[in-house]
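**Q** Data: work36.txt, compact mmCIF, C-alpha atoms and all ligand atoms.
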# COMPACT_ATOMS: atom_id res chain seq x y z
CA MET A 44 0.00 0.00 0.00
CA THR A 45 1.24 3.49 -0.73
CA PRO A 46 1.99 5.26 2.56
CA SER A 47 -0.90 7.43 3.68
CA ARG A 48 1.08 9.98 5.61
CA SER A 49 3.61 12.10 3.81
CA THR A 50 7.18 11.57 4.85
CA PRO A 51 9.90 14.19 4.51
CA GLY A 52 11.10 12.47 1.37
CA ASP A 53 7.69 12.31 -0.25
CA VAL A 54 7.47 14.08 -3.54
CA PRO A 55 4.26 16.06 -3.84
CA VAL A 56 3.60 14.50 -7.21
CA ALA A 57 0.25 16.22 -7.49
CA ALA A 58 2.05 19.53 -7.77
CA SER A 59 3.96 18.31 -10.80
CA ARG A 60 0.64 17.38 -12.42
CA GLU A 61 -0.68 20.88 -12.14
CA GLY A 62 1.39 22.07 -15.03
CA SER A 63 0.89 18.97 -17.14
CA SER A 64 -1.32 18.98 -20.16
CA PRO A 65 -4.60 17.05 -20.07
CA ALA A 66 -3.06 14.44 -22.34
CA GLU A 67 -0.08 14.00 -20.02
CA ALA A 68 -2.39 13.67 -17.06
CA GLY A 69 -4.22 10.89 -18.86
CA ASP A 70 -7.52 12.68 -18.40
CA VAL A 71 -9.81 11.66 -21.20
CA THR A 72 -12.46 14.23 -20.27
CA ALA A 73 -10.15 17.19 -20.02
CA SER A 74 -10.24 18.20 -23.67
CA ALA A 75 -13.81 19.33 -23.11
CA SER A 76 -13.34 20.39 -19.51
CA LEU A 77 -15.26 23.09 -17.70
CA ALA A 78 -13.74 26.49 -18.29
CA PRO A 79 -11.95 26.98 -14.98
CA LYS A 80 -12.64 29.97 -12.80
CA PRO A 81 -9.53 31.42 -11.19
CA GLY A 82 -9.96 29.23 -8.10
CA ALA A 83 -10.02 26.05 -10.14
CA ALA A 84 -6.24 25.93 -10.22
CA ARG A 85 -5.96 25.63 -6.45
CA GLY A 86 -2.87 23.61 -5.68
CA PRO A 87 -1.73 21.61 -2.71
CA ALA A 88 -2.04 23.31 0.65
CA PRO A 89 0.74 22.96 3.18
CA GLY A 90 0.31 20.00 5.48
CA ALA A 91 -2.12 18.10 3.28
CA PHE A 92 -1.84 14.41 2.58
CA ARG A 93 0.12 13.84 -0.59
CA ALA A 94 -0.27 11.40 -3.38
CA GLY A 95 2.38 8.68 -3.19
CA ARG A 96 5.70 8.72 -5.01
CA ASN A 97 4.16 7.62 -8.27
CA GLY A 98 1.42 10.24 -7.96
CA THR A 99 -1.21 7.71 -6.99
CA ILE A 100 -3.67 7.65 -4.11
CA THR A 101 -5.03 4.20 -3.35
CA VAL A 102 -8.75 4.34 -2.57
CA GLY A 103 -11.23 1.85 -1.16
CA ILE A 104 -15.02 2.17 -1.27
CA VAL A 105 -17.11 0.62 1.49
CA GLY A 106 -20.77 0.26 0.56
CA ALA A 107 -19.84 0.00 -3.10
CA THR A 108 -23.09 -1.77 -4.01
CA GLY A 109 -25.23 1.30 -3.25
CA TYR A 110 -26.04 4.36 -5.34
CA ALA A 111 -23.43 6.64 -3.78
CA GLY A 112 -20.83 3.85 -3.81
CA GLY A 113 -21.50 3.12 -7.47
CA GLU A 114 -21.24 6.78 -8.36
CA LEU A 115 -17.89 6.96 -6.56
CA VAL A 116 -16.62 4.08 -8.68
CA ARG A 117 -17.85 5.78 -11.87
CA LEU A 118 -16.11 9.05 -11.03
CA LEU A 119 -12.88 7.60 -9.63
CA LEU A 120 -12.32 5.41 -12.69
CA HIS A 121 -11.46 8.65 -14.51
CA HIS A 122 -9.45 10.27 -11.72
CA PRO A 123 -5.87 10.51 -12.94
CA ASN A 124 -4.35 10.23 -9.44
CA VAL A 125 -6.53 7.45 -8.02
CA LYS A 126 -6.09 3.70 -8.09
CA LEU A 127 -9.08 1.72 -6.84
CA ALA A 128 -7.59 -0.62 -4.26
CA GLY A 129 -10.79 -2.45 -3.43
CA LEU A 130 -14.57 -2.34 -3.24
CA GLN A 131 -16.48 -3.57 -0.20
CA GLY A 132 -20.04 -4.80 0.06
CA ARG A 133 -21.66 -6.72 2.88
CA ASN A 134 -21.85 -10.48 2.36
CA ARG A 135 -20.07 -10.21 -0.98
CA ASP A 136 -17.18 -12.46 -1.95
CA ASN A 137 -15.37 -11.82 -5.22
CA GLN A 138 -18.68 -10.71 -6.71
CA PRO A 139 -18.44 -9.04 -10.14
CA ILE A 140 -19.45 -5.39 -9.97
CA ALA A 141 -21.95 -6.07 -12.76
CA SER A 142 -24.25 -7.77 -10.29
CA SER A 143 -24.69 -4.44 -8.48
CA HIS A 144 -23.84 -1.95 -11.20
CA PRO A 145 -24.38 -3.35 -14.72
CA HIS A 146 -23.32 -0.01 -16.22
CA LEU A 147 -19.80 -0.64 -14.83
CA SER A 148 -19.51 -4.26 -15.95
CA GLU A 149 -16.67 -3.68 -18.40
CA THR A 150 -14.39 -2.51 -15.59
CA GLY A 151 -13.97 -6.10 -14.41
CA LEU A 152 -13.97 -4.93 -10.79
CA VAL A 153 -15.13 -7.22 -8.01
CA ILE A 154 -16.70 -6.59 -4.61
CA ASP A 155 -15.50 -8.27 -1.43
CA GLN A 156 -16.51 -8.27 2.20
CA ALA A 157 -13.23 -7.01 3.68
CA ILE A 158 -12.54 -3.32 4.18
CA PRO A 159 -9.82 -2.52 1.62
CA GLU A 160 -6.31 -1.40 2.60
CA ALA A 161 -5.86 2.02 1.07
CA ASP A 162 -4.67 5.60 1.59
CA ALA A 163 -8.28 6.75 1.67
CA ILE A 164 -11.50 4.93 2.43
CA PHE A 165 -14.89 6.23 1.35
CA THR A 166 -17.81 4.88 3.35
CA ALA A 167 -21.27 5.11 1.75
CA LEU A 168 -23.47 3.35 4.28
CA PRO A 169 -26.68 3.85 6.25
CA HIS A 170 -26.31 6.01 9.34
CA GLY A 171 -24.58 4.41 12.28
CA VAL A 172 -22.64 1.82 10.27
CA ALA A 173 -19.57 3.84 9.28
CA ALA A 174 -19.15 5.18 12.82
CA GLY A 175 -18.71 1.59 13.97
CA MET A 176 -15.96 0.95 11.40
CA ALA A 177 -14.12 4.23 11.79
CA ALA A 178 -11.68 3.19 14.52
CA GLU A 179 -10.40 0.29 12.44
CA ILE A 180 -10.02 2.43 9.34
CA VAL A 181 -8.11 5.27 11.01
CA ALA A 182 -5.95 2.83 13.01
CA ARG A 183 -4.59 1.62 9.68
CA GLY A 184 -3.54 5.16 8.81
CA SER A 185 -6.21 5.61 6.14
CA ALA A 186 -8.07 8.85 5.68
CA LEU A 187 -11.81 8.31 6.17
CA LEU A 188 -14.32 10.18 4.01
CA ASP A 189 -17.85 9.32 5.08
CA VAL A 190 -20.61 10.05 2.58
CA GLY A 191 -23.20 9.22 5.24
CA PRO A 192 -24.10 11.36 8.25
CA ASP A 193 -21.95 9.76 10.97
CA PHE A 194 -19.33 12.51 11.08
CA ARG A 195 -21.30 15.60 10.03
CA LEU A 196 -22.73 16.82 13.32
CA HIS A 197 -20.23 18.21 15.81
CA ASN A 198 -22.28 17.66 18.94
CA PRO A 199 -22.51 13.94 19.88
CA ALA A 200 -25.87 14.66 21.56
CA ASP A 201 -27.33 15.46 18.13
CA TYR A 202 -27.03 11.80 17.09
CA PRO A 203 -29.56 10.29 19.49
CA ARG A 204 -31.79 13.31 18.92
CA TRP A 205 -31.82 13.28 15.11
CA TYR A 206 -30.57 9.81 14.13
CA LYS A 207 -31.74 7.74 17.09
CA PHE A 208 -28.36 6.21 17.90
CA ASP A 209 -25.64 7.01 20.40
CA HIS A 210 -22.46 7.84 18.55
CA PRO A 211 -20.04 4.96 19.20
CA ALA A 212 -16.89 7.04 18.61
CA PRO A 213 -17.28 10.56 20.03
CA ASP A 214 -13.48 10.88 20.22
CA LEU A 215 -13.29 10.41 16.45
CA LEU A 216 -16.27 12.68 15.91
CA ALA A 217 -14.25 15.41 17.63
CA GLU A 218 -11.53 14.93 14.99
CA ALA A 219 -13.91 15.15 12.04
CA VAL A 220 -14.24 18.12 9.72
CA TYR A 221 -17.34 19.03 7.73
CA GLY A 222 -16.55 18.23 4.14
CA LEU A 223 -18.09 21.10 2.19
CA PRO A 224 -14.95 22.42 0.45
CA GLU A 225 -16.42 25.82 -0.47
CA LEU A 226 -16.87 26.64 3.24
CA HIS A 227 -14.29 24.43 4.97
CA ARG A 228 -11.42 24.10 2.52
CA ASP A 229 -8.68 24.98 5.00
CA GLU A 230 -10.06 22.63 7.67
CA ILE A 231 -10.28 19.73 5.23
CA SER A 232 -6.72 20.36 4.14
CA ALA A 233 -5.55 20.65 7.76
CA ALA A 234 -7.30 17.37 8.63
CA ALA A 235 -4.26 15.70 7.11
CA ASP A 236 -2.28 16.76 10.18
CA ARG A 237 -4.81 15.61 12.76
CA PRO A 238 -4.44 12.33 14.66
CA ALA A 239 -7.28 10.96 12.56
CA ALA A 240 -8.08 12.38 9.13
CA ILE A 241 -11.88 12.15 9.02
CA VAL A 242 -14.15 14.07 6.68
CA GLY A 243 -17.90 14.01 7.32
CA LEU A 244 -19.31 14.78 3.89
CA PRO A 245 -22.48 16.88 3.73
CA GLY A 246 -25.91 15.51 2.98
CA CYS A 247 -27.50 16.19 -0.38
CA TYR A 248 -30.20 18.62 0.78
CA PRO A 249 -27.75 20.44 3.08
CA THR A 250 -25.23 20.87 0.24
CA ALA A 251 -27.79 22.64 -1.93
CA THR A 252 -29.29 24.62 0.94
CA ILE A 253 -26.10 25.69 2.70
CA LEU A 254 -24.34 26.80 -0.48
CA THR A 255 -27.44 28.72 -1.52
CA LEU A 256 -27.70 30.54 1.81
CA ALA A 257 -24.11 30.88 3.08
CA PRO A 258 -23.53 34.41 1.71
CA LEU A 259 -26.73 35.63 3.39
CA ALA A 260 -25.80 33.89 6.66
CA ARG A 261 -22.33 35.42 6.71
CA ALA A 262 -23.85 38.87 6.18
CA GLY A 263 -26.27 38.37 9.08
CA LEU A 264 -29.24 38.69 6.75
CA ILE A 265 -31.37 35.64 7.62
CA GLY A 266 -34.18 36.96 9.78
CA ASP A 267 -36.56 34.09 9.08
CA LEU A 268 -36.03 31.07 6.88
CA ALA A 269 -38.18 28.42 5.22
CA VAL A 270 -36.58 25.91 2.85
CA ASP A 271 -38.86 24.09 0.44
CA ALA A 272 -36.75 21.35 -1.14
CA LYS A 273 -37.36 18.72 -3.80
CA SER A 274 -35.37 15.57 -4.43
CA GLY A 275 -35.26 12.87 -7.04
CA VAL A 276 -35.86 9.33 -5.83
CA SER A 277 -32.20 8.21 -5.91
CA GLY A 278 -31.71 10.48 -2.88
CA ALA A 279 -33.36 7.76 -0.80
CA GLY A 280 -30.86 5.07 -1.81
CA ARG A 281 -31.60 1.79 -3.53
CA GLU A 282 -32.88 -0.27 -0.64
CA PRO A 283 -36.41 -1.30 -1.69
CA LYS A 284 -39.18 0.53 0.14
CA PRO A 285 -42.92 0.63 -0.71
CA ASP A 286 -42.95 4.45 -0.79
CA LEU A 287 -40.31 4.38 -3.52
CA LEU A 288 -42.09 2.05 -5.93
CA PHE A 289 -42.55 3.49 -9.43
CA SER A 290 -46.32 3.29 -9.05
CA GLU A 291 -46.19 5.33 -5.82
CA VAL A 292 -43.75 7.99 -7.02
CA ASN A 293 -44.67 8.43 -10.68
CA GLU A 294 -47.01 11.35 -11.50
CA SER A 295 -47.09 12.35 -7.86
CA VAL A 296 -45.31 14.78 -5.55
CA LYS A 297 -45.34 14.47 -1.82
CA ALA A 298 -43.88 16.18 1.20
CA TYR A 299 -42.24 14.08 3.88
CA GLY A 300 -40.10 14.47 7.00
CA MET A 301 -42.34 17.28 8.26
CA PHE A 302 -40.80 19.16 11.22
CA ASN A 303 -38.13 16.54 11.88
CA HIS A 304 -36.09 15.76 8.78
CA ARG A 305 -32.58 14.80 9.87
CA HIS A 306 -30.89 17.24 7.54
CA THR A 307 -32.39 20.12 9.52
CA ALA A 308 -29.69 19.66 12.17
CA GLU A 309 -26.90 19.95 9.65
CA ILE A 310 -28.37 23.00 7.94
CA GLU A 311 -28.80 24.81 11.28
CA GLN A 312 -25.29 23.84 12.44
CA GLU A 313 -23.60 25.15 9.32
CA LEU A 314 -25.63 28.32 8.79
CA GLN A 315 -25.14 29.28 12.43
CA GLN A 316 -21.42 28.76 12.01
CA GLN A 317 -21.38 30.91 8.89
CA GLY A 318 -23.11 33.65 10.88
CA GLU A 319 -20.45 33.40 13.58
CA ARG A 320 -17.70 33.55 10.99
CA GLY A 321 -19.26 36.47 9.18
CA SER A 322 -18.86 40.14 9.71
CA PHE A 323 -21.47 40.10 12.48
CA GLY A 324 -19.50 37.53 14.45
CA SER A 325 -22.33 36.37 16.65
CA ARG A 326 -24.77 33.50 16.91
CA GLU A 327 -27.58 36.04 17.07
CA ALA A 328 -26.77 37.48 13.66
CA ASN A 329 -29.29 35.26 11.87
CA PRO A 330 -32.24 34.65 14.20
CA GLY A 331 -34.07 32.64 11.51
CA VAL A 332 -31.32 30.05 11.36
CA ALA A 333 -31.76 28.75 14.89
CA MET A 334 -34.97 27.01 13.80
CA VAL A 335 -35.03 26.42 10.07
CA ASP A 336 -38.36 25.37 8.61
CA PHE A 337 -37.19 22.62 6.28
CA LEU A 338 -39.73 20.80 4.13
CA PRO A 339 -38.48 18.19 1.65
CA HIS A 340 -40.52 16.69 -1.19
CA LEU A 341 -40.10 13.56 -3.26
CA ILE A 342 -40.33 14.27 -7.00
CA PRO A 343 -40.84 11.71 -9.79
CA MET A 344 -37.35 12.00 -11.25
CA THR A 345 -34.17 9.99 -10.71
CA ARG A 346 -31.54 12.60 -9.81
CA GLY A 347 -31.53 16.19 -8.72
CA ILE A 348 -32.29 18.53 -5.85
CA LEU A 349 -33.87 21.97 -5.95
CA ALA A 350 -33.70 23.96 -2.70
CA SER A 351 -36.06 26.95 -2.74
CA CYS A 352 -35.04 29.14 0.19
CA HIS A 353 -37.46 31.83 1.37
CA VAL A 354 -35.75 34.43 3.53
CA ARG A 355 -37.21 37.35 5.45
CA PRO A 356 -34.05 39.49 5.73
CA THR A 357 -33.03 41.11 9.00
CA ARG A 358 -33.12 44.47 7.20
CA PRO A 359 -34.10 45.77 3.75
CA VAL A 360 -31.66 44.66 1.03
CA THR A 361 -31.16 45.67 -2.57
CA GLN A 362 -30.52 43.41 -5.54
CA ALA A 363 -27.17 45.12 -6.06
CA GLU A 364 -26.16 44.17 -2.51
CA LEU A 365 -27.17 40.54 -3.09
CA ASP A 366 -25.31 40.41 -6.39
CA ALA A 367 -22.16 41.72 -4.72
CA LEU A 368 -22.43 39.25 -1.83
CA TYR A 369 -22.84 36.21 -4.07
CA ASP A 370 -20.20 37.34 -6.51
CA ALA A 371 -17.68 37.79 -3.70
CA ALA A 372 -18.57 34.39 -2.22
CA TYR A 373 -18.43 32.31 -5.37
CA ARG A 374 -16.58 34.02 -8.23
CA ASP A 375 -13.47 31.87 -7.58
CA GLU A 376 -15.31 28.65 -6.86
CA PRO A 377 -14.95 26.13 -9.67
CA PHE A 378 -18.17 24.28 -8.88
CA VAL A 379 -20.57 27.05 -7.87
CA GLN A 380 -22.22 29.13 -10.56
CA VAL A 381 -24.37 32.13 -9.68
CA VAL A 382 -26.73 32.40 -12.65
CA ALA A 383 -28.99 35.05 -14.11
CA ASP A 384 -32.01 32.82 -14.72
CA PRO A 385 -33.71 30.41 -12.30
CA PRO A 386 -31.79 27.11 -12.50
CA ALA A 387 -33.24 23.66 -13.16
CA THR A 388 -31.94 20.31 -11.92
CA LYS A 389 -31.30 19.37 -15.56
CA HIS A 390 -28.73 22.14 -15.78
CA VAL A 391 -26.42 20.28 -13.40
CA PHE A 392 -27.38 16.63 -14.07
CA GLY A 393 -24.32 14.36 -13.88
CA SER A 394 -21.96 17.17 -12.89
CA ASN A 395 -20.37 18.44 -9.68
CA LEU A 396 -21.94 21.86 -10.15
CA CYS A 397 -24.21 23.83 -7.86
CA ARG A 398 -26.17 26.59 -9.60
CA ILE A 399 -27.64 29.41 -7.53
CA TRP A 400 -30.05 32.23 -8.33
CA VAL A 401 -30.96 34.92 -5.80
CA ARG A 402 -33.48 37.77 -6.01
CA VAL A 403 -35.10 40.22 -3.66
CA ASP A 404 -38.82 40.63 -4.30
CA PRO A 405 -39.29 44.40 -4.40
CA ARG A 406 -42.97 44.00 -3.50
CA SER A 407 -42.61 41.86 -0.35
CA GLY A 408 -38.99 42.62 0.57
CA ARG A 409 -38.39 38.88 0.90
CA VAL A 410 -35.33 37.20 -0.62
CA LEU A 411 -35.79 34.09 -2.74
CA ALA A 412 -32.65 31.99 -3.26
CA LEU A 413 -32.74 28.86 -5.41
CA GLY A 414 -30.02 26.21 -5.59
CA VAL A 415 -29.77 23.06 -7.68
CA ILE A 416 -27.38 20.11 -7.55
CA ASP A 417 -27.19 16.51 -8.72
CA ASN A 418 -27.70 14.67 -5.43
CA LEU A 419 -25.39 11.81 -6.41
CA VAL A 420 -22.55 14.03 -7.68
CA LYS A 421 -22.25 17.38 -5.84
CA GLY A 422 -24.59 15.97 -3.19
CA ALA A 423 -22.55 12.80 -2.59
CA ALA A 424 -19.80 11.18 -4.68
CA GLY A 425 -18.53 14.24 -6.57
CA GLN A 426 -18.27 16.29 -3.42
CA ALA A 427 -16.46 13.34 -1.79
CA VAL A 428 -13.91 13.33 -4.61
CA GLN A 429 -13.58 17.12 -4.31
CA ALA A 430 -12.81 16.72 -0.60
CA LEU A 431 -10.33 13.93 -1.38
CA ASN A 432 -8.54 16.31 -3.75
CA VAL A 433 -8.34 18.97 -1.03
CA LEU A 434 -7.14 16.50 1.61
CA PHE A 435 -4.43 15.08 -0.65
CA GLY A 436 -3.35 18.44 -1.99
CA LEU A 437 -4.50 17.91 -5.57
CA PRO A 438 -6.10 20.59 -7.73
CA GLU A 439 -9.69 20.58 -6.58
CA THR A 440 -11.30 19.89 -9.93
CA THR A 441 -9.23 16.76 -10.64
CA GLY A 442 -11.47 14.02 -12.00
CA LEU A 443 -14.55 16.23 -11.77
CA GLU A 444 -14.45 18.12 -15.04
CA GLN A 445 -17.56 16.54 -16.56
CA HIS A 446 -20.14 18.86 -18.05
CA PRO A 447 -23.79 18.25 -17.15
CA ILE A 448 -25.76 15.82 -19.30
CA ALA A 449 -28.75 17.15 -21.22
CA PRO A 450 -31.55 16.83 -22.13
N1 LIG A 501 -28.37 8.80 -2.39
C1 LIG A 501 -27.97 10.05 -2.24
O1 LIG A 501 -28.31 10.94 -3.02
C2 LIG A 501 -27.09 10.41 -1.08
C3 LIG A 501 -26.53 11.70 -1.05
C4 LIG A 501 -25.72 12.07 0.02
C5 LIG A 501 -25.49 11.17 1.04
N2 LIG A 501 -26.05 9.94 1.01
C6 LIG A 501 -25.78 9.03 2.12
O2 LIG A 501 -24.86 8.05 1.67
C7 LIG A 501 -25.13 6.81 2.33
C8 LIG A 501 -25.39 5.75 1.27
O3 LIG A 501 -26.50 6.17 0.51
P1 LIG A 501 -26.96 5.40 -0.79
O4 LIG A 501 -27.98 6.26 -1.44
O5 LIG A 501 -25.80 4.96 -1.58
O6 LIG A 501 -27.69 4.13 -0.13
P2 LIG A 501 -27.95 2.69 -0.78
O7 LIG A 501 -28.06 2.82 -2.26
O8 LIG A 501 -29.11 2.13 -0.05
O9 LIG A 501 -26.63 1.86 -0.43
C9 LIG A 501 -26.33 1.54 0.91
C10 LIG A 501 -25.08 0.69 0.96
O10 LIG A 501 -24.85 0.31 2.33
C11 LIG A 501 -24.88 -1.12 2.44
N3 LIG A 501 -25.52 -1.49 3.70
C12 LIG A 501 -26.81 -1.35 4.04
N4 LIG A 501 -27.00 -1.74 5.32
C13 LIG A 501 -25.81 -2.16 5.78
C14 LIG A 501 -25.35 -2.68 7.01
N5 LIG A 501 -26.19 -2.85 8.03
N6 LIG A 501 -24.04 -3.00 7.13
C15 LIG A 501 -23.18 -2.83 6.12
N7 LIG A 501 -23.56 -2.34 4.91
C16 LIG A 501 -24.85 -2.00 4.76
C17 LIG A 501 -25.67 -1.59 1.24
O11 LIG A 501 -25.34 -2.91 0.97
P3 LIG A 501 -26.37 -3.94 0.28
O12 LIG A 501 -26.20 -3.77 -1.20
O13 LIG A 501 -25.92 -5.28 0.76
O14 LIG A 501 -27.76 -3.57 0.74
C18 LIG A 501 -25.17 -0.60 0.17
O15 LIG A 501 -23.87 -0.96 -0.25
C19 LIG A 501 -26.32 7.06 3.24
O16 LIG A 501 -25.88 7.36 4.54
C20 LIG A 501 -26.98 8.27 2.63
O17 LIG A 501 -27.70 9.03 3.55
C21 LIG A 501 -26.82 9.52 -0.04
Is it possible to express this structure as structure tokens?
**A**
Amino acid sequence: MTPSRSTPGDVPVAASREGSSPAEAGDVTASASLAPKPGAARGPAPGAFRAGRNGTITVGIVGATGYAGGELVRLLLHHPNVKLAGLQGRNRDNQPIASSHPHLSETGLVIDQAIPEADAIFTALPHGVAAGMAAEIVARGSALLDVGPDFRLHNPADYPRWYKFDHPAPDLLAEAVYGLPELHRDEISAAADRPAAIVGLPGCYPTATILTLAPLARAGLIGDLAVDAKSGVSGAGREPKPDLLFSEVNESVKAYGMFNHRHTAEIEQELQQQGERGSFGSREANPGVAMVDFLPHLIPMTRGILASCHVRPTRPVTQAELDALYDAAYRDEPFVQVVADPPATKHVFGSNLCRIWVRVDPRSGRVLALGVIDNLVKGAAGQAVQALNVLFGLPETTGLEQHPIAP
């Protein structure tokens, strides 16, 4: 296995890739890559993990039979610095990947029961499962990037409250960083120097909602907040459930998780923190964030999330002020696009993009902010790869240059 931790003699091979042409980097998608914003060329940060001497990070995926696990495989197959060291699935033994993911059959990959040995392990499991495996993974010196919720909430008491389990590893939870690179880039990078490198990757609804609202939160502008969100059915995973049958979901829209959806905790945690970090510097800056009204809906489509965020601002705002806030927040972000027309989930389908539109209604004074993502890419696997790039000091867009698919 390539050593996880950098040693003094380690060559930061990723840095040498920065200047290489797409062809040299072996990146088949790069010839049609997204036009990079200035921030797209972010290089390795001091202290980050480094790719091994041959420029390769070995990666294992636990929960590879699920939707998020399968999407990780799809994306990482085209990551120029990643070698897939192993795929894990419960009760699987040398099982061809085609039995779980027919679209990946030509890769010849197999799924086994053992947790792979690798520089980085992605876990894509139901809540509570990854937390039980974490000690073993970090004891091996692997970085742990959890796509599930087990390392997202900072307060251990939030787990029994929102997820109905007592966190089995509060000491490791204390080491974890919240893996939304646009807001926590330096912490993710610095996680490489912590006793355990653990990244709790954001949920799909929180990714769309937090990115859409962070500039308002930092400016202390959220006086009252209701988030009306819609998700495609893949957001619920692939475990069969009656509510997710085609005949139940098709030609129907329904609200669920009223008043107690688990992602509420994450949205409140992060928006409060943005308020504290912002120019107002206090928890009281955004009174509406303490109790977010979050109402998700299931929509008859496969992928995509639309977060419609209704904000009563703490004071009157102008459109020019909003434009300046969002431009300052995101002009250098390679994966966040502030757009002039209301975005649709189709505009980001299959990509790691988040598109945001924000307007003040001159009649009511309310602010409407809309954000769209692909729940399986920016909301799960793509964001996980983005965080891996930050942790290992690679340019952040590596392996994530795909344009959205349309129609
Ligand atoms: N879907 C999304 O859009 C999305 C977005 C962000 C985050 N997430 C989070 O990512 C995680 C995975 O989501 P998913 O959509 O990929 O779910 P999924 O399609 O249902 O896959 C779940 C995976 O976990 C395995 N698994 C289930 N129960 C297990 C257990 N008790 N012990 C060990 N393995 C078990 C499954 O194996 P089997 O094949 O044997 O059942 C499968 O590999 C969840 O925590 C979810 O909240 C999902």
**Q** Any idea what the distance is between atom CA of A:Val105 and atom CA of A:Gly222?
**A** 17.8 Å
**Q** Let me see if you get this right: every residue at most 8 Å from ligand LIG 501 (chain A), counting all atoms listed in the file, written as a PyMOL selection string.
**A** chain A and resi 105-113+131-135+143+166-170+172+189-193+244-248+277-282+346+418-419+422-424
**Q** Rounded to one decimal, what separation in Å do you get between atom CA of A:Gln380 and atom CA of A:Val296?
**A**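 Interatomic distance here is 27.6 Å.
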**Q** Hey, which of A:Leu338, A:Pro343, A:Ala157, A:Ala251 ends up closest to A:Asp286? Count only C-alpha atoms.
**A** A:Pro343
**Q** One decimal, in Å: what's the spacing between atom CA of A:Ala449 and atom CA of A:Leu413?
**A**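 Straight-line distance from atom CA of A:Ala449 to atom CA of A:Leu413 works out to 20.1 Å.
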**Q** Pick out the residues sitting within 8 Å of A:Leu431, and hand them over as a short mmCIF file (atom, residue, chain, number, x, y, z; two decimals) with C-alpha atoms, in the frame of the given file; count all atoms listed in the file, and ignore anything fewer than 4 positions along from it in its own chain.
**A**
data_model
loop_
_atom_site.label_atom_id
_atom_site.label_comp_id
_atom_site.auth_asym_id
_atom_site.auth_seq_id
_atom_site.Cartn_x
_atom_site.Cartn_y
_atom_site.Cartn_z
CA LEU A 188 -14.32 10.18 4.01
CA ALA A 427 -16.46 13.34 -1.79
CA PHE A 435 -4.43 15.08 -0.65
#
**Q** If you count all atoms listed in the file, which residues fall within 12 Å of stretch 368-376 of chain A, apart from same-chain ones fewer than 2 positions away, as number ranges by chain?
**A** A: 78-85, 224-226, 228, 254-264, 317, 321, 360-366, 378-383, 395-402, 412, 429, 439-440
**Q** My list of candidates is A:Lys421, A:His390, A:His446, A:Arg409. Which is closest to A:Val354 when distances are computed with only C-alpha atoms?
**A**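 Under the stated criterion, the closest residue is A:Arg409.
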**Q** Excluding A:Pro359 and any residue of its chain fewer than 4 positions from it, enumerate the residues within 10 Å of it, using all atoms listed in the file, and give them as a ChimeraX atom specification.
**A** /A:264,355,403,405,408-410
**Q** Compare A:Ala174, A:Ala235, A:Val276, A:Ile180 by their minimum atom-to-atom distance to A:Phe208, counting only C-alpha atoms, and give me the closest one.
**A**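 Smallest separation from A:Phe208 among the options: A:Ala174.
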**Q** Which one is closest to A:Glu179: A:Leu115, A:Leu437, A:Leu215, A:Ala200? Count only C-alpha atoms.
**A**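 The answer is A:Leu215, which sits nearest to A:Glu179.
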**Q** Which residue is closest to A:Pro385? Choose from A:Leu411, A:Leu216, A:Ile342, A:Ala367 and count only C-alpha atoms.
**A** A:Leu411
**Q** How close does each residue of stretch 325-399 of chain A get to stretch 303-310 of chain A, giving the shortest atom pair and distance in Å to one decimal for every residue with an atom at most 10 Å away, counting only C-alpha atoms, sorted by chain and residue number, as CSV?
**A**
residue,atom,partner,partner_atom,distance
A:Val332,CA,A:Ile310,CA,8.4
A:Ala333,CA,A:Ile310,CA,9.6
A:Met334,CA,A:Thr307,CA,8.5
A:Val335,CA,A:Thr307,CA,6.9
A:Asp336,CA,A:Thr307,CA,8.0
A:Phe337,CA,A:Thr307,CA,6.3
A:Leu338,CA,A:His304,CA,7.8
A:Pro339,CA,A:His304,CA,7.9
